[in-house]
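K.L.:
File input-v9.pdb follows (PDB, C-alpha atoms):
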```
ATOM      1  CA  PRO A   1      15.254  -8.681  -5.207
ATOM      2  CA  SER A   2      14.939 -11.571  -2.852
ATOM      3  CA  THR A   3      13.218 -14.775  -3.866
ATOM      4  CA  ALA A   4      10.225 -13.903  -1.682
ATOM      5  CA  GLN A   5       9.872 -10.460  -3.272
ATOM      6  CA  PHE A   6      10.065 -11.960  -6.751
ATOM      7  CA  TRP A   7       7.498 -14.636  -5.892
ATOM      8  CA  LEU A   8       5.085 -12.131  -4.366
ATOM      9  CA  GLY A   9       5.497  -9.694  -7.238
ATOM     10  CA  TYR A  10       5.277 -12.167 -10.092
ATOM     11  CA  PHE A  11       3.796 -15.547  -9.102
ATOM     12  CA  PHE A  12       1.416 -14.800  -6.224
ATOM     13  CA  PRO A  13      -2.094 -15.350  -7.665
ATOM     14  CA  PRO A  14      -3.709 -12.143  -6.333
ATOM     15  CA  THR A  15      -1.008 -10.098  -8.043
ATOM     16  CA  ARG A  16      -1.784 -11.882 -11.330
ATOM     17  CA  LEU A  17      -5.524 -11.211 -11.088
ATOM     18  CA  PRO A  18      -5.381  -7.800 -12.859
ATOM     19  CA  ASP A  19      -3.563  -9.468 -15.766
ATOM     20  CA  PHE A  20      -6.302 -12.069 -16.029
ATOM     21  CA  LEU A  21      -9.075  -9.471 -15.863
ATOM     22  CA  LEU A  22      -7.358  -7.328 -18.497
ATOM     23  CA  GLY A  23      -7.055 -10.383 -20.735
ATOM     24  CA  MET A  24     -10.770 -11.085 -20.395
ATOM     25  CA  LEU A  25     -11.611  -7.470 -21.207
ATOM     26  CA  ILE A  26      -9.355  -7.427 -24.271
ATOM     27  CA  ALA A  27     -10.769 -10.729 -25.501
ATOM     28  CA  ARG A  28     -14.282  -9.353 -25.202
ATOM     29  CA  ILE A  29     -13.380  -6.174 -27.106
ATOM     30  CA  VAL A  30     -11.649  -8.115 -29.895
ATOM     31  CA  ARG A  31     -14.473 -10.632 -30.131
ATOM     32  CA  THR A  32     -17.105  -7.909 -30.566
ATOM     33  CA  GLY A  33     -15.018  -6.258 -33.292
ATOM     34  CA  ARG A  34     -14.459  -3.011 -31.409
ATOM     35  CA  TRP A  35     -10.649  -3.190 -31.259
ATOM     36  CA  ARG A  36      -9.176  -0.105 -32.940
ATOM     37  CA  VAL A  37      -5.485  -0.135 -31.955
ATOM     38  CA  GLY A  38      -3.104  -1.097 -34.742
ATOM     39  CA  ILE A  39      -0.035  -3.293 -34.449
ATOM     40  CA  GLY A  40       2.317  -0.374 -35.131
ATOM     41  CA  TRP A  41       0.968   1.692 -32.222
ATOM     42  CA  SER A  42       1.077  -1.357 -29.974
ATOM     43  CA  LEU A  43       4.707  -2.021 -30.844
ATOM     44  CA  LEU A  44       5.548   1.620 -30.188
ATOM     45  CA  ALA A  45       3.829   1.492 -26.791
ATOM     46  CA  PHE A  46       5.628  -1.748 -25.979
ATOM     47  CA  ALA A  47       9.033  -0.266 -26.847
ATOM     48  CA  ALA A  48       8.337   2.821 -24.727
ATOM     49  CA  CYS A  49       7.153   0.780 -21.738
ATOM     50  CA  TYR A  50      10.121  -1.555 -22.052
ATOM     51  CA  ALA A  51      12.541   1.365 -22.031
ATOM     52  CA  LEU A  52      10.817   2.900 -19.012
ATOM     53  CA  SER A  53      10.705  -0.430 -17.183
ATOM     54  CA  LEU A  54      14.502  -0.490 -17.109
ATOM     55  CA  LEU A  55      14.330   2.455 -14.707
ATOM     56  CA  LEU A  56      12.103   0.599 -12.223
ATOM     57  CA  PRO A  57      13.146  -1.785  -9.459
ATOM     58  CA  PRO A  58      13.462  -5.351 -10.799
ATOM     59  CA  VAL A  59      10.396  -6.638  -8.958
ATOM     60  CA  PHE A  60       8.161  -4.264 -10.963
ATOM     61  CA  ARG A  61       9.753  -4.732 -14.390
ATOM     62  CA  PHE A  62       7.931  -7.888 -15.402
ATOM     63  CA  ASP A  63       4.358  -6.979 -14.660
ATOM     64  CA  ALA A  64       3.535  -3.502 -13.445
ATOM     65  CA  ALA A  65       5.433  -1.682 -16.167
ATOM     66  CA  MET A  66       4.547  -3.944 -19.074
ATOM     67  CA  ILE A  67       0.956  -5.100 -18.586
ATOM     68  CA  ALA A  68      -0.782  -2.350 -20.550
ATOM     69  CA  SER A  69       1.557  -2.519 -23.533
ATOM     70  CA  LEU A  70       1.463  -6.316 -23.643
ATOM     71  CA  GLY A  71      -2.318  -6.162 -23.525
ATOM     72  CA  LEU A  72      -2.256  -3.819 -26.517
ATOM     73  CA  LEU A  73       0.030  -6.208 -28.390
ATOM     74  CA  VAL A  74      -2.151  -9.232 -27.691
ATOM     75  CA  GLY A  75      -5.315  -7.398 -28.684
ATOM     76  CA  SER A  76      -3.746  -5.997 -31.861
ATOM     77  CA  PHE A  77      -2.379  -9.309 -33.066
ATOM     78  CA  ALA A  78      -5.609 -11.122 -32.158
ATOM     79  CA  SER A  79      -7.639  -8.542 -34.022
ATOM     80  CA  ALA A  80      -5.400  -8.770 -37.078
ATOM     81  CA  ASP A  81      -5.659 -12.572 -37.118
TER      82      ASP A  81
END
```
Is it possible to give me this structure as structure tokens?

P.N.:
Amino acid sequence: PSTAQFWLGYFFPPTRLPDFLLGMLIARIVRTGRWRVGIGWSLLAFAACYALSLLLPPVFRFDAAMIASLGLLVGSFASAD
């Protein structure tokens, strides 16, 4: 991808807003003690999403394909802490 495509897909603030909102939602769920996803399932989801992301165009690999599984990982490890 071109530099402009990469910047718009990864660094442009409006494209990062869903990540931020998901992080707030996960933090709220973990803080209230309602998180029920284990680390093993999160790692499995991450591995599956990573494998599938290799089939996508490079501009979508970093965020669109990985956001849900990374959110699961963060929530699982935060809950286990």

K.L.:
Would you kindly return, as an NGL selection string, each protein, DNA or RNA residue with an atom no farther than 9 Å from any atom of Gly71 of chain A, considering all atoms listed in the file and excluding same-chain residues fewer than 4 positions away?

P.N.:
:A and (19 or 22-23 or 26 or 42 or 66-67 or 75-76)

K.L.:
Here is a test: counting all atoms listed in the file, which residue of A:Leu72, A:Arg36, A:Ala4, A:Ala65 is nearest to Tyr50 of chain A?

P.N.:
A:Ala65

K.L.:
Using all atoms listed in the file for the distances, tell me which of A:Ser2, A:Leu8, A:Val74, A:Pro58 is nearest to Gly38 of chain A.

P.N.:
A:Val74

K.L.:
Grab the atom CA of Arg61 of chain A to atom CA of Pro18 of chain A distance for me, in Å with one decimal place.

P.N.:
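Rounded to one decimal, the two atoms are 15.5 Å apart.
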
K.L.:
Taking 2 positions as the minimum chain separation for residues in the same chain, which residues sit within 12 Å of Leu52 of chain A when counting all atoms listed in the file? Answer as a list in words.

P.N.:
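What passes the distance filter is Ala45, Phe46, Ala47, Ala48, Cys49, Tyr50, Leu54, Leu55, Leu56, Pro57, Pro58, Phe60, Arg61, Phe62, Ala64, Ala65, Met66 and Ser69 of chain A.
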
K.L.:
Closest to Ala78 of chain A among A:Ala51, A:Phe12, A:Leu44, A:Ile29, using all atoms listed in the file?

P.N.:
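That would be A:Ile29, the residue with the smallest distance to Ala78 of chain A.
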
K.L.:
How many Å lie between atom CA of Gly40 of chain A and atom CA of Leu73 of chain A, rounded to one decimal?

P.N.:
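Between atom CA of Gly40 of chain A and atom CA of Leu73 of chain A the gap is 9.2 Å.
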
K.L.:
From the set A:Val30, A:Val59, A:Leu17, A:Ile39, which residue has the shortest atom-to-atom contact distance to Thr3 of chain A, counting only C-alpha atoms?

P.N.:
A:Val59

K.L.:
So how many Å separate atom CA of Ser79 of chain A and atom CA of Phe11 of chain A, to one decimal?

P.N.:
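Between atom CA of Ser79 of chain A and atom CA of Phe11 of chain A the gap works out to 28.3 Å.
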